[in-house]
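Presented below is the structure to which this report refers.
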Amino acid sequence: GESVGLHLPTLSVQEGDNSIINCAYSNSASDYFIWYKQESGKGPQFIIDIRSNMDKRQGQRVTVLLNKTVKHLSLQIAATQPGDSAVYFCAENIRGAQKLVFGQGTRLTINP
Amino acid sequence: ETGVTQSPTHLIKTRGQQVTLRCSSQSGHNTVSWYQQALGQGPQFIFQYYREEENGRGNFPPRFSGLQFPNYSSELNVNALELDDSALYLCASSSPGGSETQYFGPGTRLLVL
């Protein structure tokens, strides 16, 4: 079946440290993955995406890693800042489908 | 460039009533998707509209319906509201015919009493 899950529901890191948020997916037909950040009272904000023909993609302070062998996705945030505190969702697009399938989310808290 | 906008921001209804939520897509985007996000959960796909027609639907009953207009804006209608319909309703737009990078609006918070 299709499902996107997260290994850790909550994560706390010290400001300035790096954080890693993990995500497992189950549908081998998924060919596109997105990380979203959702702050309280707001809609999900696009962070970074990766296609299934890649295993790594970097943005500003963020890196997404994709391991298709074990169906695992991770989001690395470097030098975390207070503004990084939010819930982070991974989402997958199943080839040929119109929808994104979201996981439950990980709440990231940055401690001063 | 104008992002995705939604109205209203908050809404309170009672069981059995009907509600209409509205969404304006991001400039240049002609595909609109609707999601329901219960508290503490990830968004769940309701349906997508492309070229004014439904282009995919999730596991939601027929009392959830939608429209897309020539200017690509969209409406989500929910009839016979139930308590479990209380959620954040998100609209996302994407570029022509796509279901990939979807950009979300701020959502409408619906409370059914």
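Scheme for the structure tokens: letters A, B, ... for chains in order shown; per-chain residue numbers from 1; ligand numbers from 1 in order shown.
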At a cut-off of 7 Å, can you tabulate as CSV every residue of chain B near chain A together with its closest atom pair and the distance in Å to one decimal, using only C-alpha atoms and ordering rows by chain then number?
residue,atom,partner,partner_atom,distance
B:Gln41,CA,A:Gln104,CA,5.0
B:Gly42,CA,A:Gln104,CA,4.6
B:Pro43,CA,A:Phe102,CA,6.1
B:Phe45,CA,A:Lys99,CA,6.2
B:Gly56,CA,A:Gln98,CA,5.9
B:Leu90,CA,A:Gly43,CA,6.9
B:Ser99,CA,A:Gln98,CA,4.9
B:Glu100,CA,A:Asn93,CA,6.5
B:Tyr103,CA,A:Phe46,CA,6.7
B:Phe104,CA,A:Gly43,CA,5.8
B:Gly105,CA,A:Gly43,CA,5.5
B:Pro106,CA,A:Gly43,CA,4.2
B:Gly107,CA,A:Gly43,CA,5.8
Write the residues of the selection above to a file with N, CA, C and O atoms, as a short mmCIF file (atom, residue, chain, number, x, y, z; two decimals), in the first residue's frame.
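This went into again11.cif:
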data_model
loop_
_atom_site.label_atom_id
_atom_site.label_comp_id
_atom_site.auth_asym_id
_atom_site.auth_seq_id
_atom_site.Cartn_x
_atom_site.Cartn_y
_atom_site.Cartn_z
N GLN B 41 -1.99 15.59 12.06
CA GLN B 41 -1.82 14.65 10.96
C GLN B 41 -1.24 15.35 9.73
O GLN B 41 -1.21 16.58 9.66
N GLY B 42 -0.81 14.53 8.79
CA GLY B 42 -0.38 15.08 7.51
C GLY B 42 -1.59 15.34 6.62
O GLY B 42 -2.66 14.76 6.83
N PRO B 43 -1.45 16.19 5.63
CA PRO B 43 -2.56 16.46 4.72
C PRO B 43 -2.99 15.20 3.96
O PRO B 43 -2.14 14.39 3.57
N PHE B 45 -5.16 13.90 0.59
CA PHE B 45 -5.64 14.36 -0.72
C PHE B 45 -7.13 14.15 -0.86
O PHE B 45 -7.65 13.05 -0.63
N GLY B 56 -8.59 13.40 -10.58
CA GLY B 56 -8.06 12.52 -9.55
C GLY B 56 -8.77 12.81 -8.25
O GLY B 56 -9.06 13.98 -7.93
N LEU B 90 -6.62 22.66 2.93
CA LEU B 90 -5.51 23.27 2.20
C LEU B 90 -5.74 23.17 0.70
O LEU B 90 -6.17 22.13 0.19
N SER B 99 1.30 17.31 -10.98
CA SER B 99 0.93 16.97 -9.62
C SER B 99 2.18 16.93 -8.77
O SER B 99 2.16 16.44 -7.67
N GLU B 100 3.27 17.43 -9.27
CA GLU B 100 4.53 17.33 -8.59
C GLU B 100 4.71 18.46 -7.60
O GLU B 100 4.22 18.41 -6.49
N TYR B 103 2.31 24.02 -4.43
CA TYR B 103 2.52 25.14 -3.53
C TYR B 103 1.22 25.42 -2.80
O TYR B 103 0.17 25.61 -3.43
N PHE B 104 1.32 25.45 -1.49
CA PHE B 104 0.13 25.50 -0.66
C PHE B 104 -0.26 26.92 -0.22
O PHE B 104 0.60 27.78 -0.03
N GLY B 105 -1.55 27.08 -0.04
CA GLY B 105 -2.06 28.30 0.57
C GLY B 105 -2.05 28.15 2.09
O GLY B 105 -1.65 27.12 2.62
N PRO B 106 -2.54 29.19 2.78
CA PRO B 106 -2.52 29.18 4.24
C PRO B 106 -3.58 28.28 4.87
O PRO B 106 -3.50 27.97 6.06
N GLY B 107 -4.57 27.87 4.07
CA GLY B 107 -5.60 26.98 4.60
C GLY B 107 -6.80 27.71 5.17
O GLY B 107 -6.76 28.90 5.48
#
Considering only C-alpha atoms, return as an MDAnalysis selection string whatever protein or nucleic-acid residues lie within 12 Å of Asp55 (chain A), sequence-local ones (same chain, fewer than 4 positions apart) excluded.
chainID A and resid 31:33 49:51 63:69 71:74
Convert the current residue selection to file output with C-alpha atoms, as a CSV table (one decimal), in the first residue's frame.
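Saved result, selection16.csv, follows:
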chain,number,residue,atom,x,y,z
A,31,ASP,CA,9.3,8.9,-8.4
A,32,TYR,CA,9.3,12.3,-6.8
A,33,PHE,CA,9.7,13.4,-3.2
A,49,ASP,CA,12.5,18.2,-3.7
A,50,ILE,CA,14.3,15.2,-5.3
A,51,ARG,CA,13.5,12.9,-8.1
A,63,THR,CA,20.2,18.6,1.9
A,64,VAL,CA,17.8,15.8,0.9
A,65,LEU,CA,19.1,12.2,0.6
A,66,LEU,CA,17.2,9.5,-1.1
A,67,ASN,CA,18.0,5.8,-0.6
A,68,LYS,CA,15.7,3.8,-2.9
A,69,THR,CA,17.1,0.5,-1.8
A,71,LYS,CA,12.9,3.4,0.6
A,72,HIS,CA,14.3,6.0,2.9
A,73,LEU,CA,14.4,9.8,2.7
A,74,SER,CA,16.1,12.3,4.9
Residues of chain B in strand (DSSP E), written as JSON, numbers by chain
{"B": [5, 6, 7, 10, 11, 12, 13, 19, 20, 21, 22, 23, 24, 31, 32, 33, 34, 35, 36, 37, 44, 45, 46, 47, 48, 49, 50, 53, 54, 55, 56, 57, 64, 65, 66, 67, 68, 74, 75, 76, 77, 78, 87, 88, 89, 90, 91, 92, 93, 94, 103, 104, 108, 109, 110, 111, 112]}
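Rounded to one decimal, CA of Leu39 (chain B) and CA of Asp17 (chain A) lie 29.0 Å from each other.
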List the neighbours of Ser7 (chain B) out to 10 Å using only C-alpha atoms; skip same-chain residues closer than 3 positions along the sequence, and give me the result as a short mmCIF file (atom, residue, chain, number, x, y, z; two decimals) with all heavy atoms, in the first residue's frame.
data_model
loop_
_atom_site.label_atom_id
_atom_site.label_comp_id
_atom_site.auth_asym_id
_atom_site.auth_seq_id
_atom_site.Cartn_x
_atom_site.Cartn_y
_atom_site.Cartn_z
N HIS B 10 -11.04 31.26 8.71
CA HIS B 10 -11.68 30.43 9.73
C HIS B 10 -13.18 30.39 9.48
O HIS B 10 -13.76 31.34 8.95
CB HIS B 10 -11.45 30.99 11.15
CG HIS B 10 -10.02 31.01 11.57
ND1 HIS B 10 -9.15 32.01 11.21
CD2 HIS B 10 -9.32 30.13 12.32
CE1 HIS B 10 -7.96 31.75 11.73
NE2 HIS B 10 -8.03 30.63 12.41
N LEU B 11 -13.79 29.28 9.92
CA LEU B 11 -15.21 29.09 9.69
C LEU B 11 -15.76 28.16 10.75
O LEU B 11 -15.14 27.14 11.06
CB LEU B 11 -15.42 28.48 8.31
CG LEU B 11 -16.71 28.65 7.55
CD1 LEU B 11 -17.13 30.11 7.47
CD2 LEU B 11 -16.56 28.06 6.16
N THR B 20 -18.70 26.23 1.66
CA THR B 20 -17.93 26.45 0.44
C THR B 20 -16.64 27.17 0.79
O THR B 20 -16.67 28.23 1.42
CB THR B 20 -18.72 27.29 -0.59
OG1 THR B 20 -19.90 26.57 -0.97
CG2 THR B 20 -17.87 27.55 -1.83
N LEU B 21 -15.53 26.59 0.39
CA LEU B 21 -14.21 27.19 0.61
C LEU B 21 -13.65 27.58 -0.74
O LEU B 21 -13.88 26.90 -1.74
CB LEU B 21 -13.29 26.18 1.31
CG LEU B 21 -13.84 25.50 2.55
CD1 LEU B 21 -12.79 24.56 3.15
CD2 LEU B 21 -14.29 26.52 3.59
N ARG B 22 -12.86 28.65 -0.74
CA ARG B 22 -12.36 29.19 -2.01
C ARG B 22 -10.85 29.27 -2.05
O ARG B 22 -10.19 29.45 -1.02
CB ARG B 22 -12.98 30.57 -2.26
CG ARG B 22 -14.50 30.49 -2.45
CD ARG B 22 -15.14 31.84 -2.65
NE ARG B 22 -16.57 31.68 -2.94
CZ ARG B 22 -17.51 31.52 -2.01
NH1 ARG B 22 -17.18 31.49 -0.73
NH2 ARG B 22 -18.78 31.37 -2.37
N CYS B 23 -10.32 29.17 -3.26
CA CYS B 23 -8.88 29.15 -3.45
C CYS B 23 -8.53 29.85 -4.77
O CYS B 23 -9.17 29.60 -5.80
CB CYS B 23 -8.40 27.70 -3.50
SG CYS B 23 -6.68 27.49 -4.02
N SER B 24 -7.53 30.70 -4.70
CA SER B 24 -6.98 31.30 -5.91
C SER B 24 -5.57 30.75 -6.10
O SER B 24 -4.76 30.80 -5.19
CB SER B 24 -6.93 32.82 -5.79
OG SER B 24 -8.23 33.34 -5.79
N GLU B 75 -13.21 26.03 -5.94
CA GLU B 75 -14.03 25.94 -4.74
C GLU B 75 -14.08 24.50 -4.27
O GLU B 75 -14.08 23.57 -5.08
CB GLU B 75 -15.48 26.38 -5.03
CG GLU B 75 -15.67 27.87 -5.20
CD GLU B 75 -17.14 28.22 -5.41
OE1 GLU B 75 -17.99 27.31 -5.50
OE2 GLU B 75 -17.43 29.42 -5.47
N GLY B 105 -1.55 27.08 -0.04
CA GLY B 105 -2.06 28.30 0.57
C GLY B 105 -2.05 28.15 2.09
O GLY B 105 -1.65 27.12 2.62
N PRO B 106 -2.54 29.19 2.78
CA PRO B 106 -2.52 29.18 4.24
C PRO B 106 -3.58 28.28 4.87
O PRO B 106 -3.50 27.97 6.06
CB PRO B 106 -2.76 30.64 4.59
CG PRO B 106 -3.54 31.17 3.43
CD PRO B 106 -3.02 30.46 2.23
N GLY B 107 -4.57 27.87 4.07
CA GLY B 107 -5.60 26.98 4.60
C GLY B 107 -6.80 27.71 5.17
O GLY B 107 -6.76 28.90 5.48
N THR B 108 -7.89 26.96 5.26
CA THR B 108 -9.11 27.42 5.94
C THR B 108 -9.35 26.47 7.10
O THR B 108 -9.45 25.25 6.90
CB THR B 108 -10.33 27.40 5.00
OG1 THR B 108 -10.15 28.37 3.98
CG2 THR B 108 -11.61 27.71 5.78
N ARG B 109 -9.46 27.02 8.29
CA ARG B 109 -9.72 26.21 9.48
C ARG B 109 -11.22 26.10 9.65
O ARG B 109 -11.90 27.09 9.87
CB ARG B 109 -9.10 26.86 10.71
CG ARG B 109 -9.42 26.18 12.03
CD ARG B 109 -8.72 24.86 12.19
NE ARG B 109 -7.26 24.99 12.24
CZ ARG B 109 -6.43 23.95 12.26
NH1 ARG B 109 -6.92 22.73 12.21
NH2 ARG B 109 -5.14 24.16 12.32
#
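The space separating CA of Cys91 (chain B) from CA of Ser40 (chain A) comes to 16.6 Å.
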Do you know which residues are at most 9 Å from Arg61 (chain A) counting only C-alpha atoms, after dropping those on the same chain fewer than 6 positions away, and could you put them as number ranges by chain?
A: 76-80
Give me the residues within 8 Å of His29 (chain B) as a short mmCIF file (atom, residue, chain, number, x, y, z; two decimals) with N, CA and C atoms, in the first residue's frame, counting only C-alpha atoms and dropping any in the same chain fewer than 6 places off.
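Generated output (selection_27.cif):
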data_model
loop_
_atom_site.label_atom_id
_atom_site.label_comp_id
_atom_site.auth_asym_id
_atom_site.auth_seq_id
_atom_site.Cartn_x
_atom_site.Cartn_y
_atom_site.Cartn_z
N TYR B 72 -8.80 29.60 -13.18
CA TYR B 72 -8.08 28.57 -12.42
C TYR B 72 -8.37 28.59 -10.93
N SER B 93 -1.55 24.72 -5.55
CA SER B 93 -1.56 24.86 -7.01
C SER B 93 -0.23 24.38 -7.57
N SER B 94 -0.28 23.97 -8.82
CA SER B 94 0.92 23.50 -9.49
C SER B 94 0.86 23.89 -10.96
N SER B 95 1.98 23.74 -11.61
CA SER B 95 2.11 24.19 -12.99
C SER B 95 1.41 23.23 -13.94
N PRO B 96 1.25 23.61 -15.16
CA PRO B 96 0.38 22.91 -16.11
C PRO B 96 0.37 21.39 -16.05
#
When you draw a straight line from CA of Ser19 (chain A) to CA of Gln44 (chain B), how long is it in Å?
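Here the two named atoms are 26.4 Å from each other.
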